[in-house]
Structure formats: structure tokens, C-alpha cells
Amino acid sequence: MFKLSKYIITAAVILLVSSLLLVLWAYWEPSNVRKDTLVYRLVIPTEVKAFPTWSAIEKPDYSVSVAAGLKPSAVTMRYVSTQPLEGLSAEATSLNFTCQPYPTGNIVCEKKINAAQTIQVILDTAGGDNNSQVEVIFSGY
């Protein structure tokens, strides 16, 4: 009888720990993820990995935001590019994005993939030099 109780307790502990790990994985929101990490390989969707970087100075950083209520999940890619805003806007337009300049100086480009997925590219100056800040938000991924 003692041996059976020991197996039941062990199974219950394994089930509890597995459930806890599953919940933690489901709500984990890693940020500042780099391409050469295990987290990048496990968490970043293939579509996001395949998206081009335009004249990036360094490898992009990736962040994940889990869906909450009506807000969809999102993956954000950020990097600095050597291209000016107009060149980046032309790159996005060549990929069928619709771009809109704003009075603040930034340019926002958007492409609807389907009813649930959208890609938004936000282009802004990166300070006093000719570089540009690129932020790509994959909503619904």
C-alpha cells in the first residue's frame, strides 16, 4: 500500500510541476531577444524570422507580448538602419505595405496579412545622424 501511495504522490507532483511550467511558458514575454539565442529559436515565429532587415547596423532585438483580452499577441523587431526614412519607406512599399508620413517626422507602414494578422513598420529618425530607427510589429502572431 505504501508503494502505491508513493507512486501516486510522485505522479501528482510531476503533473503539478508540468502544469506550472506550461502556464509559465504560455504567459512568458521575453524581451531584448537576439538571433543567436535559444529563446529566439524557441519563441520567435518563422514569419518574423523571415522578415527582411534593411541595412541594419546591428542584429535586431525581438520582444514578445502575449495576447490579453481583446489585445492580440505581438512580436516586435527593433533595429537601427543606415538607410534614410525615404529609402526604408520605399523598401516597405515594394513589399506591398501602405505607408503614411506623419507631421512628427516618422513614417508608419502597414500591411494586413489576414483578418487576424497585421504587420506594422514604424520608421523614425535615430537621433542627430542619418540613421533610422526601425520597429516592426507583427500583431496576431
# chains A, B, ... in the order shown; residues from 1 in each chain; ligands from 1

$ residues_around --residues "segment 66-78 of chain A" --least-positions-apart "2" --cutoff "6 Å" --atoms "only C-alpha atoms" --output "list in words"
Pro60, Asp61, Tyr62, Ser63, Val64, Val134, Glu135, Val136, Ile137, Phe138, Ser139, Gly140 and Tyr141 of chain A

$ write_last_selection --atoms "N, CA and C atoms" --output "tab-separated table (two decimals), in the first residue's frame"
chain	number	residue	atom	x	y	z
A	60	PRO	N	18.90	42.71	-35.03
A	60	PRO	CA	17.70	43.24	-34.36
A	60	PRO	C	17.48	42.63	-32.97
A	61	ASP	N	16.74	43.36	-32.15
A	61	ASP	CA	16.23	42.85	-30.87
A	61	ASP	C	14.77	42.47	-31.11
A	62	TYR	N	14.33	41.39	-30.46
A	62	TYR	CA	12.95	40.93	-30.58
A	62	TYR	C	12.31	40.92	-29.20
A	63	SER	N	11.02	41.25	-29.15
A	63	SER	CA	10.24	41.18	-27.91
A	63	SER	C	8.91	40.51	-28.22
A	64	VAL	N	8.37	39.82	-27.23
A	64	VAL	CA	7.10	39.11	-27.40
A	64	VAL	C	6.11	39.64	-26.38
A	134	VAL	N	14.05	51.50	-36.86
A	134	VAL	CA	13.02	50.66	-37.49
A	134	VAL	C	12.38	49.79	-36.41
A	135	GLU	N	11.06	49.83	-36.33
A	135	GLU	CA	10.32	48.98	-35.40
A	135	GLU	C	9.24	48.28	-36.21
A	136	VAL	N	9.30	46.95	-36.22
A	136	VAL	CA	8.33	46.16	-36.97
A	136	VAL	C	7.49	45.38	-35.97
A	137	ILE	N	6.17	45.59	-36.01
A	137	ILE	CA	5.26	44.95	-35.06
A	137	ILE	C	4.40	43.95	-35.82
A	138	PHE	N	4.51	42.70	-35.41
A	138	PHE	CA	3.74	41.61	-36.01
A	138	PHE	C	2.57	41.31	-35.05
A	139	SER	N	1.38	41.80	-35.34
A	139	SER	CA	0.22	41.59	-34.48
A	139	SER	C	-0.52	40.32	-34.89
A	140	GLY	N	-0.89	39.51	-33.90
A	140	GLY	CA	-1.63	38.30	-34.17
A	140	GLY	C	-0.75	37.09	-34.47
A	141	TYR	N	0.53	37.19	-34.17
A	141	TYR	CA	1.46	36.09	-34.44
A	141	TYR	C	1.77	35.32	-33.18

$ select_by_dssp --residues "chain A" --states "strand (DSSP E)" --output "PyMOL selection string"
chain A and resi 61-65+74-81+98-101+107-112+118-125+132-139

$ write_last_selection --atoms "C-alpha atoms" --output "compact mmCIF listing (two decimals), in the first residue's frame"
# COMPACT_ATOMS: atom_id res chain seq x y z
CA ASP A 61 16.23 42.85 -30.87
CA TYR A 62 12.95 40.93 -30.58
CA SER A 63 10.24 41.18 -27.91
CA VAL A 64 7.10 39.11 -27.40
CA SER A 65 3.80 40.31 -25.97
CA ALA A 74 2.53 40.61 -30.90
CA VAL A 75 6.19 40.21 -31.74
CA THR A 76 8.29 43.35 -32.14
CA MET A 77 11.57 43.61 -34.01
CA ARG A 78 13.73 46.72 -33.44
CA TYR A 79 16.97 47.85 -35.05
CA VAL A 80 18.83 50.87 -36.41
CA SER A 81 19.32 51.16 -40.18
CA THR A 98 0.88 51.15 -47.40
CA CYS A 99 2.98 53.96 -45.91
CA GLN A 100 1.77 57.16 -44.30
CA PRO A 101 4.10 60.04 -43.24
CA ILE A 107 6.50 57.14 -41.27
CA VAL A 108 4.11 54.29 -40.48
CA CYS A 109 3.66 51.48 -42.99
CA GLU A 110 1.05 48.75 -42.62
CA LYS A 111 0.12 45.51 -44.31
CA LYS A 112 -2.84 43.32 -43.40
CA THR A 118 -1.13 42.67 -39.37
CA ILE A 119 2.44 43.86 -39.84
CA GLN A 120 3.20 47.48 -39.00
CA VAL A 121 6.55 49.14 -39.74
CA ILE A 122 7.32 52.33 -37.80
CA LEU A 123 10.20 54.38 -39.21
CA ASP A 124 11.74 57.23 -37.24
CA THR A 125 14.97 59.17 -37.13
CA SER A 132 16.83 55.50 -38.94
CA GLN A 133 15.09 53.57 -36.17
CA VAL A 134 13.02 50.66 -37.49
CA GLU A 135 10.32 48.98 -35.40
CA VAL A 136 8.33 46.16 -36.97
CA ILE A 137 5.26 44.95 -35.06
CA PHE A 138 3.74 41.61 -36.01
CA SER A 139 0.22 41.59 -34.48

$ residues_around --residues "segment 47-55 of chain A" --least-positions-apart "3" --cutoff "7 Å" --atoms "only C-alpha atoms" --output "JSON list (two decimals) with C-alpha atoms, in the first residue's frame"
[["chain", "number", "residue", "atom", "x", "y", "z"],
["A", 44, "ILE", "CA", 10.06, 33.82, -32.39],
["A", 81, "SER", "CA", 19.32, 51.16, -40.18],
["A", 82, "THR", "CA", 21.82, 53.20, -42.19],
["A", 83, "GLN", "CA", 19.10, 53.99, -44.76]]

$ select_by_dssp --residues "chain A" --states "alpha helix (DSSP H)" --output "ChimeraX atom specification"
/A:2-26,38-43,46-50,85-94

$ closest_residue --among "A:Pro84, A:Lys59, A:Asn131, A:Ile9" --to "Val33 of chain A" --atoms "only C-alpha atoms"
A:Lys59

$ atom_distance --atom1 "atom CA of Phe97 of chain A" --atom2 "atom CA of Leu85 of chain A"
14.4 Å

$ atom_distance --atom1 "atom CA of Arg41 of chain A" --atom2 "atom CA of Ala116 of chain A"
23.4 Å

$ closest_residue --among "A:Val43, A:Lys35, A:Tyr102, A:Glu29" --to "Glu58 of chain A" --atoms "only C-alpha atoms"
A:Lys35
